[in-house]
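Here the structure comes first, spelled out in structure tokens, and everything after it is commentary.
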Amino acid sequence: MSSRSKRRAARNKRKRRAGSARSTFDPHAQVMAESIAALTELMAEVAGDDPAAKVDAAFDEAVEDLVAKLRRFDAIRLIEAARLAFLPLAPEGQMPVTVEAGAAYLELLALVALAAQDETATADAPAAEFQQMSHFVSEAKDDLDKILHLAQLRSLAAVDPDDELALVSLLVRGAEVWLRNTSYSEMVEKTNLALLNGNPSVRAALNDQLGFDATDAVAVLGACHHLQQAGLNDRLNAVGGAMQIAMAATDKGRADVRLMERARSSLMSLFAPGAEQATVAIDDIVGHTGIAVERVRAVVERFRLDLGTAGPAEVIDAFTTGKNPMRARPLIVSDSGRLMLPHHVLNVFAVRENLEEQLKTSQRVWDQYSKHRGDLLESRTRHALGRVFPGARFRNAFEYYLPANDQEAETADREKYTKRVEGDHLIILDDVAIIVEDKAVALSALSRGGKTTRLRTDLTRMITKAAEQSGRMREAIERDGGLRIQGEGWVDLSHIREIHTVAVSLDDLSTVLTGTAEMVKTGLLDSDNIPWTVSLHDLELITELVVRPAEFLLYLRRRRNPDVTVMFRAADELDLFLYFFEEGLWVEPDPAQVRAAFPFLSEPTTAELRRYREQRPVYLSSRTDALDRWFYAKQRDDGGSESVPKPAMVPAPLSPLIDELQSRQVTGWLSIGATLLSMATAVQHQFARHGDQLLNHPDPHGRGRSMTVPVTASVDPAEGWLFVWATRPAGQPPEDAERSLRGYLRAKKHQLGLPRGVVFLFDEQTRDLIGTLYDAHIGSPDAALQTSMQSLRPAADFQRAIHPNAKRPPRGTKSAPKRKRKR
């Protein structure tokens, strides 16, 4: 058999083994698959001549059918029945989890029921309605699904193929329809209060203009939710008690018809209660919160839902195009003045957006609020990044100088630059610089509704401007080797070898911020200047989850790769981050481009080329179940979070070395650690053994031994590294060993064209790591260095045994492109 046939047979054998492995069930992926299947089935139904007209007709028919079915039910009672059916429930103290978008179904059904309530039955409908209502709600999800999917098809049919922002607009509108918990509501509520109550003038303006402040609004809406939950629990307890009494009587042989009827009645009241049982009185909220009744009434009036004269078709059309009237005004007020809140997640949107709408009526107050909003974002960003960059030098809210025109730029005299610009954060830690821009602006209602012209304006203010501002600082550092900072003078940054740009948004724009590739296509981002765009709440959570700073730097490196959001598609930043913890978020680079970046490498192998070609985009389902459990355990005061581990990166064989470098605070510890952590598990195991291998086989002539490995896992030469493991034999003076190894490291770096390198020096007697020698010299080699380079083995002698980030899958797991425990 030829070698080619043998390789083919081995490959087929691996595939057969991989195919027999049992896959893990993912309920989130199943929901995604079912949704795609339903959408595909609908597309087939409307295919043919004029599919847009068919979609419109099918949509209108589906709406009419839903309205006809719910006409006979009281709106308030129906909404409560839908709450029980669509929202996740769990015992007190536990976190409810669902893989379905129950909030969207509930809101849409509530809007339709309220818009059609003039045609519905009265609240005093007979008890026999219980079974009919329960049956309707149990089947309503399919009807609502069909309407929402047909709305998606309508949106697709209406897309202008020449509109570059069309897909981004669809993503934004889709998020408005389907997503609610883009950030944990507890975090958002704290932020809302800090924003709206943090400035005394702003708080006073709200009290003067509305008769209440943000604290009152949060308390009233929260009390409505709490009292509704208490009512539900009371009904649950009533069912349990009635059932126990009836069953006890039956067990004793004396079945009581009245007891059985009481049990049946309590069960009916649980799932289809009367309108008064399903709602809350204003007086109850006053008693629960202790807030004066006039302030409670003012909150209710401000946040009450008002559909005006809109009919069912109109509210459905608005909802499915991203204009959800419940977003800013979620309180449902019955004819008797009692209150209902469909679900509490609506509160976090409503409080901020509703009250910001009021603040905009006064330019003076709005300006005060805007400044406070920016200051809050800047402070919180600084605090979050401080967790992952210990010991770094932070410059916050500073001004620096750039060339004002081409003439100043051509002279390259930094002392004569006259254009003064602002920077939000510059973080320096050894050879790494992080440039951060804060953007406290938010998407407008028009943008969320899909108006592309306004969406471009908003995204330009939020993302493009942040990229441009951070990018110009990066270019200045790379061009001039530093910055002239107002009040500080010239700051030398010529030692910086790695610069990352970050844009932090106060708004949660998950579907936009995770779509870097789409931002590049639309021209909102330049492929050569891509910052990591992240919301404040996601940044705070991510920096809390990170165990070691090297993890965060590695995530920055991976996340800013423009290919990442092409290969990994997710609705949420935390899904990308947690997948990074699990699998590495690694994208195979083009082997031809890697060799162009590092010419000393051999020609790409067949396996490398195949691995690159066989990559396919990965659609990430939700990864946050474990994070949810940890977060909510942490919110409890009973110390429950100690028994619920927080998500962590898969164990890394080189973690002890990475932690030791950090504890010693050796120069370059952060960038060295991130590079070591980037290796595949198998390669890390090899690296971890190099020191012992050298120590176990000392040179018989009493000379030190060394092992040199170039790291070339990128298409950018600036990301190359040289790692050297070396030993110092007994009797060799420390200064001689260091001088010799530093000379070798620099010479070898220059020979291979690698910008950074490090030597791990071990003592042969104690076997301890006694030194870490870092070098980042990139200037032209002097005569002595050139002489040293001539004595080295030719660069072409280096051959890669294994791609630093490749990992061959073990038996029983699926083969490429998905690799387990890769970093």
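Letters A, B, ... mark the chains of the structure tokens in the order given; residue numbers begin at 1 per chain; ligand numbers begin at 1, in order shown.
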* DSSP strand (DSSP E) selection over stretch 467-609 of chain A, as a list in words -> Gly482, Leu483, Arg484, Ile485, Gly489, Trp490, Val491, Asp492, Glu498, Ile499, His500, Thr501, Val502, Ala503, Val504, Ser505, Trp532, Thr533, Val534, Ser535, Phe568 and Arg569 of chain A
* To do: Run DSSP on the backbone of this structure and report the residues of stretch 326-558 of chain A it assigns to helix (DSSP H, G or I), as an MDAnalysis selection string.
  => chainID A and resid 346:359 363:388 406:411 414:416 445:448 452:480 510:513 516:521 536:545 549:558
* To do: Write out as a list in words which residues come within 8 Å of A:Arg382 when counting only C-alpha atoms, dropping same-chain ones fewer than 3 positions away.
  =>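 Counting only C-alpha atoms, the residues come to Glu378, Ser379, Leu385, Gly386, Asn396 and His425 of chain A.
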* Identify which of the residues A:Leu741, A:Leu769, A:Ala392, A:Ala298 lies closest to A:Leu657, counting only C-alpha atoms when measuring atom-to-atom distances. => A:Leu769
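Here atom CA of A:Val502 stands at a distance of 27.9 Å from atom CA of A:Glu660.
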* For A:Gln469, which residue among A:Ala633, A:Met567, A:Ile530, A:Ile658 is the nearest when counting only C-alpha atoms? ->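 Of the candidates, the smallest distance to A:Gln469 is held by A:Ile530.
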* To do: For atom CA of A:Ser370 and atom CA of A:Val168, quote the distance in Å rounded to one decimal.
  =>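 It comes out at 26.7 Å.
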* What lies within 12 Å of stretch 213-216 of chain A using only C-alpha atoms, ignoring chain neighbours under 2 positions off, as an NGL selection string? -> :A and (189-211 or 218-223 or 285-286 or 289-300 or 302-303 or 347-348 or 350-356 or 358-359)
Only C-alpha atoms, please: the residues just picked out, written as a compact mmCIF listing (two decimals), in the first residue's frame.
```txt
# COMPACT_ATOMS: atom_id res chain seq x y z
CA GLU A 189 -30.69 47.95 38.18
CA LYS A 190 -27.68 49.04 40.24
CA THR A 191 -26.30 50.90 37.26
CA ASN A 192 -29.64 52.61 36.65
CA LEU A 193 -29.78 53.86 40.22
CA ALA A 194 -26.17 55.03 40.08
CA LEU A 195 -26.93 56.90 36.85
CA LEU A 196 -30.25 58.49 37.74
CA ASN A 197 -29.66 59.09 41.45
CA GLY A 198 -25.93 59.69 41.45
CA ASN A 199 -26.17 63.35 40.50
CA PRO A 200 -28.18 65.42 43.03
CA SER A 201 -29.28 67.94 40.39
CA VAL A 202 -30.60 65.20 38.12
CA ARG A 203 -32.44 63.52 40.97
CA ALA A 204 -33.97 66.84 42.05
CA ALA A 205 -35.11 67.53 38.48
CA LEU A 206 -36.94 64.19 38.31
CA ASN A 207 -38.67 64.87 41.62
CA ASP A 208 -39.69 68.36 40.51
CA GLN A 209 -40.91 67.34 37.07
CA LEU A 210 -42.45 63.93 37.76
CA GLY A 211 -43.09 63.82 41.50
CA VAL A 218 -37.48 50.85 40.91
CA ALA A 219 -39.26 50.23 44.22
CA VAL A 220 -42.79 50.47 42.80
CA LEU A 221 -42.09 48.27 39.79
CA GLY A 222 -40.21 45.81 41.98
CA ALA A 223 -43.04 45.73 44.51
CA ILE A 285 -47.72 48.73 46.87
CA VAL A 286 -47.89 51.70 49.25
CA THR A 289 -42.77 50.06 49.93
CA GLY A 290 -43.70 52.73 52.45
CA ILE A 291 -43.72 55.28 49.62
CA ALA A 292 -46.40 57.98 49.75
CA VAL A 293 -49.48 57.13 47.74
CA GLU A 294 -49.18 60.21 45.51
CA ARG A 295 -45.64 59.20 44.50
CA VAL A 296 -46.77 55.65 43.79
CA ARG A 297 -49.60 56.95 41.62
CA ALA A 298 -47.15 59.21 39.79
CA VAL A 299 -44.92 56.22 39.02
CA VAL A 300 -47.91 54.20 37.83
CA ARG A 302 -45.56 57.37 34.06
CA PHE A 303 -45.01 53.66 33.40
CA ASN A 347 -38.17 47.04 34.61
CA VAL A 348 -34.49 47.50 33.81
CA ALA A 350 -38.14 50.96 31.41
CA VAL A 351 -36.60 52.85 34.32
CA ARG A 352 -33.59 54.18 32.45
CA GLU A 353 -35.16 54.80 29.05
CA ASN A 354 -38.36 56.31 30.40
CA LEU A 355 -36.62 58.68 32.81
CA GLU A 356 -33.91 59.62 30.29
CA GLN A 358 -37.93 63.03 30.63
CA LEU A 359 -34.43 64.42 31.29
```
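Each of A:His690, A:Lys323, A:Arg558, A:Arg793 was compared to A:Leu761 using only C-alpha atoms, and A:His690 turns out to be the nearest.
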* **Selection: 12 Å around stretch 693-700 of chain A, only C-alpha atoms, excl. self and same-chain fewer than 2 positions, as a PyMOL selection string** => chain A and resi 686-691+702-708+724-730+760-769
* Structure fact -> Counting only C-alpha atoms, closest pick from A:Pro645, A:Pro531, A:Pro734, A:Gly779 relative to A:Arg560 is A:Pro531
